[in-house]
Amino acid sequence: QVQLAESGGGSVQSGGSLRVSCAASGYTYRMGCMGWFRQVPGKEREGVAAVDAAGEISYADSVKGRFTISQDNAKTTLYLQMNSLKTEDTAMYYCAARTTYDGTCGQLRRDYMDYWGKGTLVTISS
């Protein structure tokens, strides 16, 4: 079965950088969409960045110019490089995947995703 395992979370000061990773396994086909979402207690899970099977990348406005999503050549590891971090970036970061490639990846909608990791915590201090 499909498994997504995040790693790389931690604590950094505002202005710093961090990279989180997501190791994907349990399938042999190419996912239609893979992305990063984040959630803080009391708020809904929000889309951060996503890349579809054609390589098209989308970002939430709040992270544009600061975060970069990428994959390894085998498309088995998803990365999120986070620079110029702000305290408001503090959240649990989740990796997610959608099987279907249908042009919806860029909408960053959590209800479109089929599989989820357990999350990795990112804490930004001032």
# chains A, B, ... in the order shown; residues from 1 in each chain; ligands from 1
>>> residues_around(residues="segment 66-69 of chain A", least_positions_apart="5", cutoff="10 Å", atoms="only C-alpha atoms", output="PyMOL selection string")
chain A and resi 17-21+34-36+48-51+57-60+78-86
>>> write_last_selection(atoms="N, CA and C atoms", output="PDB file, in the first residue's frame")
ATOM      1  N   SER A  17      16.370  28.634   7.503  1.00  0.00           N
ATOM      2  CA  SER A  17      15.935  27.708   6.463  1.00  0.00           C
ATOM      3  C   SER A  17      15.802  26.299   7.017  1.00  0.00           C
ATOM      4  N   LEU A  18      14.988  25.515   6.339  1.00  0.00           N
ATOM      5  CA  LEU A  18      14.771  24.135   6.730  1.00  0.00           C
ATOM      6  C   LEU A  18      14.304  23.387   5.488  1.00  0.00           C
ATOM      7  N   ARG A  19      14.675  22.131   5.381  1.00  0.00           N
ATOM      8  CA  ARG A  19      14.160  21.296   4.299  1.00  0.00           C
ATOM      9  C   ARG A  19      13.493  20.068   4.889  1.00  0.00           C
ATOM     10  N   VAL A  20      12.273  19.836   4.480  1.00  0.00           N
ATOM     11  CA  VAL A  20      11.557  18.629   4.867  1.00  0.00           C
ATOM     12  C   VAL A  20      11.472  17.702   3.663  1.00  0.00           C
ATOM     13  N   SER A  21      11.443  16.403   3.949  1.00  0.00           N
ATOM     14  CA  SER A  21      11.431  15.395   2.909  1.00  0.00           C
ATOM     15  C   SER A  21      10.265  14.444   3.114  1.00  0.00           C
ATOM     16  N   MET A  34       1.595  15.400  -6.148  1.00  0.00           N
ATOM     17  CA  MET A  34       2.157  15.262  -4.812  1.00  0.00           C
ATOM     18  C   MET A  34       2.351  16.655  -4.250  1.00  0.00           C
ATOM     19  N   GLY A  35       2.101  16.775  -2.958  1.00  0.00           N
ATOM     20  CA  GLY A  35       2.179  18.113  -2.403  1.00  0.00           C
ATOM     21  C   GLY A  35       2.437  18.149  -0.914  1.00  0.00           C
ATOM     22  N   TRP A  36       2.605  19.357  -0.456  1.00  0.00           N
ATOM     23  CA  TRP A  36       2.797  19.628   0.964  1.00  0.00           C
ATOM     24  C   TRP A  36       1.641  20.473   1.487  1.00  0.00           C
ATOM     25  N   VAL A  48       0.278  24.058   0.681  1.00  0.00           N
ATOM     26  CA  VAL A  48       1.480  24.883   0.649  1.00  0.00           C
ATOM     27  C   VAL A  48       2.090  24.880  -0.750  1.00  0.00           C
ATOM     28  N   ALA A  49       2.301  23.699  -1.287  1.00  0.00           N
ATOM     29  CA  ALA A  49       2.919  23.571  -2.609  1.00  0.00           C
ATOM     30  C   ALA A  49       2.603  22.200  -3.166  1.00  0.00           C
ATOM     31  N   ALA A  50       2.579  22.108  -4.482  1.00  0.00           N
ATOM     32  CA  ALA A  50       2.290  20.827  -5.120  1.00  0.00           C
ATOM     33  C   ALA A  50       2.953  20.764  -6.489  1.00  0.00           C
ATOM     34  N   VAL A  51       3.215  19.544  -6.909  1.00  0.00           N
ATOM     35  CA  VAL A  51       3.763  19.311  -8.242  1.00  0.00           C
ATOM     36  C   VAL A  51       2.975  18.171  -8.873  1.00  0.00           C
ATOM     37  N   ILE A  57       4.192  23.160 -11.156  1.00  0.00           N
ATOM     38  CA  ILE A  57       4.307  23.446  -9.725  1.00  0.00           C
ATOM     39  C   ILE A  57       3.397  24.602  -9.346  1.00  0.00           C
ATOM     40  N   SER A  58       2.796  24.476  -8.178  1.00  0.00           N
ATOM     41  CA  SER A  58       1.946  25.531  -7.652  1.00  0.00           C
ATOM     42  C   SER A  58       2.317  25.801  -6.203  1.00  0.00           C
ATOM     43  N   TYR A  59       2.183  27.058  -5.806  1.00  0.00           N
ATOM     44  CA  TYR A  59       2.472  27.463  -4.433  1.00  0.00           C
ATOM     45  C   TYR A  59       1.323  28.293  -3.887  1.00  0.00           C
ATOM     46  N   ALA A  60       1.141  28.196  -2.576  1.00  0.00           N
ATOM     47  CA  ALA A  60       0.241  29.123  -1.896  1.00  0.00           C
ATOM     48  C   ALA A  60       0.885  30.503  -1.925  1.00  0.00           C
ATOM     49  N   LEU A  78       9.908  13.500  -2.159  1.00  0.00           N
ATOM     50  CA  LEU A  78       9.421  14.861  -2.363  1.00  0.00           C
ATOM     51  C   LEU A  78      10.086  15.752  -1.318  1.00  0.00           C
ATOM     52  N   TYR A  79      10.518  16.928  -1.749  1.00  0.00           N
ATOM     53  CA  TYR A  79      11.183  17.847  -0.845  1.00  0.00           C
ATOM     54  C   TYR A  79      10.425  19.181  -0.769  1.00  0.00           C
ATOM     55  N   LEU A  80      10.620  19.848   0.335  1.00  0.00           N
ATOM     56  CA  LEU A  80      10.144  21.222   0.450  1.00  0.00           C
ATOM     57  C   LEU A  80      11.268  22.023   1.110  1.00  0.00           C
ATOM     58  N   GLN A  81      11.924  22.842   0.330  1.00  0.00           N
ATOM     59  CA  GLN A  81      12.956  23.725   0.849  1.00  0.00           C
ATOM     60  C   GLN A  81      12.295  25.010   1.306  1.00  0.00           C
ATOM     61  N   MET A  82      12.482  25.352   2.564  1.00  0.00           N
ATOM     62  CA  MET A  82      11.825  26.510   3.138  1.00  0.00           C
ATOM     63  C   MET A  82      12.872  27.522   3.568  1.00  0.00           C
ATOM     64  N   ASN A  83      12.848  28.687   2.961  1.00  0.00           N
ATOM     65  CA  ASN A  83      13.789  29.764   3.281  1.00  0.00           C
ATOM     66  C   ASN A  83      13.039  30.968   3.837  1.00  0.00           C
ATOM     67  N   SER A  84      13.786  31.860   4.447  1.00  0.00           N
ATOM     68  CA  SER A  84      13.200  33.084   5.022  1.00  0.00           C
ATOM     69  C   SER A  84      11.985  32.757   5.879  1.00  0.00           C
ATOM     70  N   LEU A  85      12.159  31.794   6.724  1.00  0.00           N
ATOM     71  CA  LEU A  85      11.031  31.304   7.527  1.00  0.00           C
ATOM     72  C   LEU A  85      10.528  32.361   8.488  1.00  0.00           C
ATOM     73  N   LYS A  86       9.225  32.336   8.688  1.00  0.00           N
ATOM     74  CA  LYS A  86       8.544  33.269   9.576  1.00  0.00           C
ATOM     75  C   LYS A  86       7.858  32.489  10.688  1.00  0.00           C
TER      76      LYS A  86
END
>>> closest_residue(among="A:Thr90, A:Gln1, A:Thr100, A:Thr76", to="Val122 of chain A", atoms="only C-alpha atoms")
A:Thr90
>>> select_by_dssp(residues="segment 74-117 of chain A", states="strand (DSSP E)", output="list in words")
Thr77, Leu78, Tyr79, Leu80, Gln81, Met82, Ala91, Met92, Tyr93, Tyr94, Cys95, Ala96, Ala97, Arg98, Tyr115 and Trp116 of chain A
>>> closest_residue(among="A:Ser62, A:Thr77, A:Thr28, A:Ser125", to="Val12 of chain A", atoms="only C-alpha atoms")
A:Ser125
>>> atom_distance(atom1="atom CA of Gly26 of chain A", atom2="atom CA of Trp116 of chain A")
12.9 Å
>>> residues_around(residues="segment 91-95 of chain A", least_positions_apart="5", cutoff="7 Å", atoms="only C-alpha atoms", output="CSV table (one decimal) with N, CA and C atoms, in the first residue's frame")
chain,number,residue,atom,x,y,z
A,4,LEU,N,3.6,7.3,2.8
A,4,LEU,CA,4.3,8.6,2.8
A,4,LEU,C,4.9,8.9,4.1
A,6,GLU,N,7.3,11.6,6.2
A,6,GLU,CA,7.9,12.8,6.3
A,6,GLU,C,9.1,12.8,7.2
A,22,CYS,N,9.9,13.8,2.0
A,22,CYS,CA,8.8,12.8,2.1
A,22,CYS,C,9.2,11.6,1.2
A,35,GLY,N,2.1,16.8,-3.0
A,35,GLY,CA,2.2,18.1,-2.4
A,35,GLY,C,2.4,18.1,-0.9
A,36,TRP,N,2.6,19.4,-0.5
A,36,TRP,CA,2.8,19.6,1.0
A,36,TRP,C,1.6,20.5,1.5
A,37,PHE,N,1.2,20.1,2.6
A,37,PHE,CA,0.1,20.8,3.3
A,37,PHE,C,0.6,21.1,4.7
A,38,ARG,N,0.0,22.0,5.4
A,38,ARG,CA,0.4,22.3,6.8
A,38,ARG,C,-0.9,22.6,7.6
A,39,GLN,N,-0.7,22.4,8.9
A,39,GLN,CA,-1.9,22.6,9.8
A,39,GLN,C,-1.4,23.1,11.2
A,40,VAL,N,-2.1,24.0,11.7
A,40,VAL,CA,-1.8,24.5,13.1
A,40,VAL,C,-3.1,24.1,13.9
A,116,TRP,N,-1.9,10.3,2.7
A,116,TRP,CA,-1.3,11.3,3.6
A,116,TRP,C,-0.2,10.7,4.5
A,117,GLY,N,0.8,11.4,4.7
A,117,GLY,CA,1.8,11.0,5.7
A,117,GLY,C,1.3,11.4,7.1
A,118,LYS,N,2.2,11.1,8.1
A,118,LYS,CA,1.8,11.4,9.5
A,118,LYS,C,2.2,12.8,9.9
A,119,GLY,N,3.1,13.5,9.1
A,119,GLY,CA,3.5,14.8,9.4
A,119,GLY,C,4.8,15.0,10.1
A,120,THR,N,5.4,16.1,9.9
A,120,THR,CA,6.6,16.5,10.6
A,120,THR,C,6.5,17.9,11.1
A,121,LEU,N,6.8,18.2,12.4
A,121,LEU,CA,6.6,19.5,13.0
A,121,LEU,C,7.7,20.5,12.7
A,122,VAL,N,7.3,21.6,12.3
A,122,VAL,CA,8.2,22.7,12.0
A,122,VAL,C,7.9,23.9,12.9
A,123,THR,N,8.9,24.3,13.7
A,123,THR,CA,8.6,25.4,14.7
A,123,THR,C,9.6,26.5,14.4
>>> atom_distance(atom1="atom CA of Val2 of chain A", atom2="atom CA of Met113 of chain A")
12.5 Å
>>> residues_around(residues="segment 105-109 of chain A", least_positions_apart="2", cutoff="6 Å", atoms="only C-alpha atoms", output="PyMOL selection string")
chain A and resi 33+47+52+58+103+111-112
>>> atom_distance(atom1="atom CA of Gln3 of chain A", atom2="atom CA of Ala23 of chain A")
8.0 Å
>>> closest_residue(among="A:Gln13, A:Ser7, A:Thr99, A:Ser126", to="Asp114 of chain A", atoms="only C-alpha atoms")
A:Thr99
